[in-house]
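Here's the structure we're looking at; comments come further down.
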Amino acid sequence: MNTSSNTSLELRNQIITQTQGALTLSIAFIGVSNSLFSTLAETGAATVEELAMKTGLDVGYLERWCDAAFAFGFLDEEKGKLGLTDLGRAFIPDAPGTCLPFAIQSVMSAHVADRATTFMKTGERQKEMMAENPNIIPFFGLMLEGMFGEMFEQQILPNISTYRNVDVKRGLVVDLGCGNGWYLRKIAKHFPHLRGIGIDDIKENIDQAQKLAQKEDLEHRLTFMVGDIHYLPIDEYADLMTMNRALHHVWGEKETIFDIIKERLTVGGSAIIWEPNWPQCRADLRNNPARQILAFHNISEHIQGNHYLRPEQIEAEFHRVGMKTHTYFFASGNETIVVGERTSL
């Protein structure tokens, strides 16, 4: 076999392996979205019929899923009953280090590819959060928490003094675009004296945030409400305003957004903007797994009328409204935190 044939075979085998990985995650998504992994974790081994009765799912579809889940190693079978393997347990939503984010991303990625293929022909763009898919939105916040929660707790919170300063003064944190509240809940967990208000325009996010805050015994310090950044449903001024990977969704209104942020901060208050760090040149996207993923996600952002930002763009808007900035980089430079301080009226 010549060198060209060897290379072709290697590439084909590589693609087959990647295809199997994609199929694995698609099967996992079905199990996550229909609570099958959680149900089996709670009840133990079950027949297909018992699992159908427990979940209310169609037995025909459920049997085919169980076949596929067994084939790909999520389930084992003993005496006619199916139970979770270690791989299956890895996709339980509240398991430590859950692999849920990868299953959610796999389906979102297919959705993006389909839309991009169509819209590329016309230039159409559709202002719609991909998370509004009813099968995805209950897990979207959990996906973000699974992807970024540990880094936030271990790297960001200990190294940015702003959070600690607000806690010392028993101040108020307002999180704009709070999703399911994971960001505020982690802040409140580490800093027991501050209060928080989370605002999001998707009611299902707010409902989930309230339930999770109650589950973690934080409901007395955290409030979540449906609202619009243009008409903040709060009367008091904030000591800290945050936007967690949300600014690029409203960048087209950046002048208005930064004016509102400054106006609703106390003098001496701060705003913390967390965004992916879009690189300066295309060459920086290659051979960096985190930035390869970012490059794909930026297709999704373009469909919605958005794009990822560079730190200096965020700094410039803070400077425009008269706020001082400090910029931090995390995750090997792939994540940016820009802190803006309001020092005067």
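Identifiers for the structure tokens are assigned positionally: chains receive A, B, ... in sequence, residues are indexed from 1 per chain, and ligands are indexed from 1 in the order shown.
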
Contacts of region 71-81 of chain A at 9 Å or less, counting only C-alpha atoms, minus same-chain residues fewer than 3 places along, as a VMD selection string?
chain A and resid 20 23 to 24 27 to 28 37 45 to 48 66 to 68 84 to 89

Looking only at the backbone, which of the residues in region 66-171 of chain A does DSSP tag as strand (DSSP E), as a list in words?
Leu75, Asp76, Glu77, Glu78, Lys81, Leu82, Gly83 and Leu84 of chain A

Using DSSP on the backbone coordinates, identify all residues within region 82-311 of chain A classified as alpha helix (DSSP H); present the result as a count of residues only.
98

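Distances here use only C-alpha atoms; by that measure, the residue among A:Ile137, A:Leu232, A:Leu265, A:Ala188 closest to Ile202 (chain A) is A:Ile137.
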
What gap, in Å, lies between CA of Gly179 (chain A) and CA of Ala246 (chain A)?
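Result for CA of Gly179 (chain A) versus CA of Ala246 (chain A): 9.6 Å, one decimal.
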
Just want the 12 Å neighbourhood of Glu301 (chain A), counted on only C-alpha atoms, with same-chain residues fewer than 2 positions away dropped. Output as a count of residues only.
30
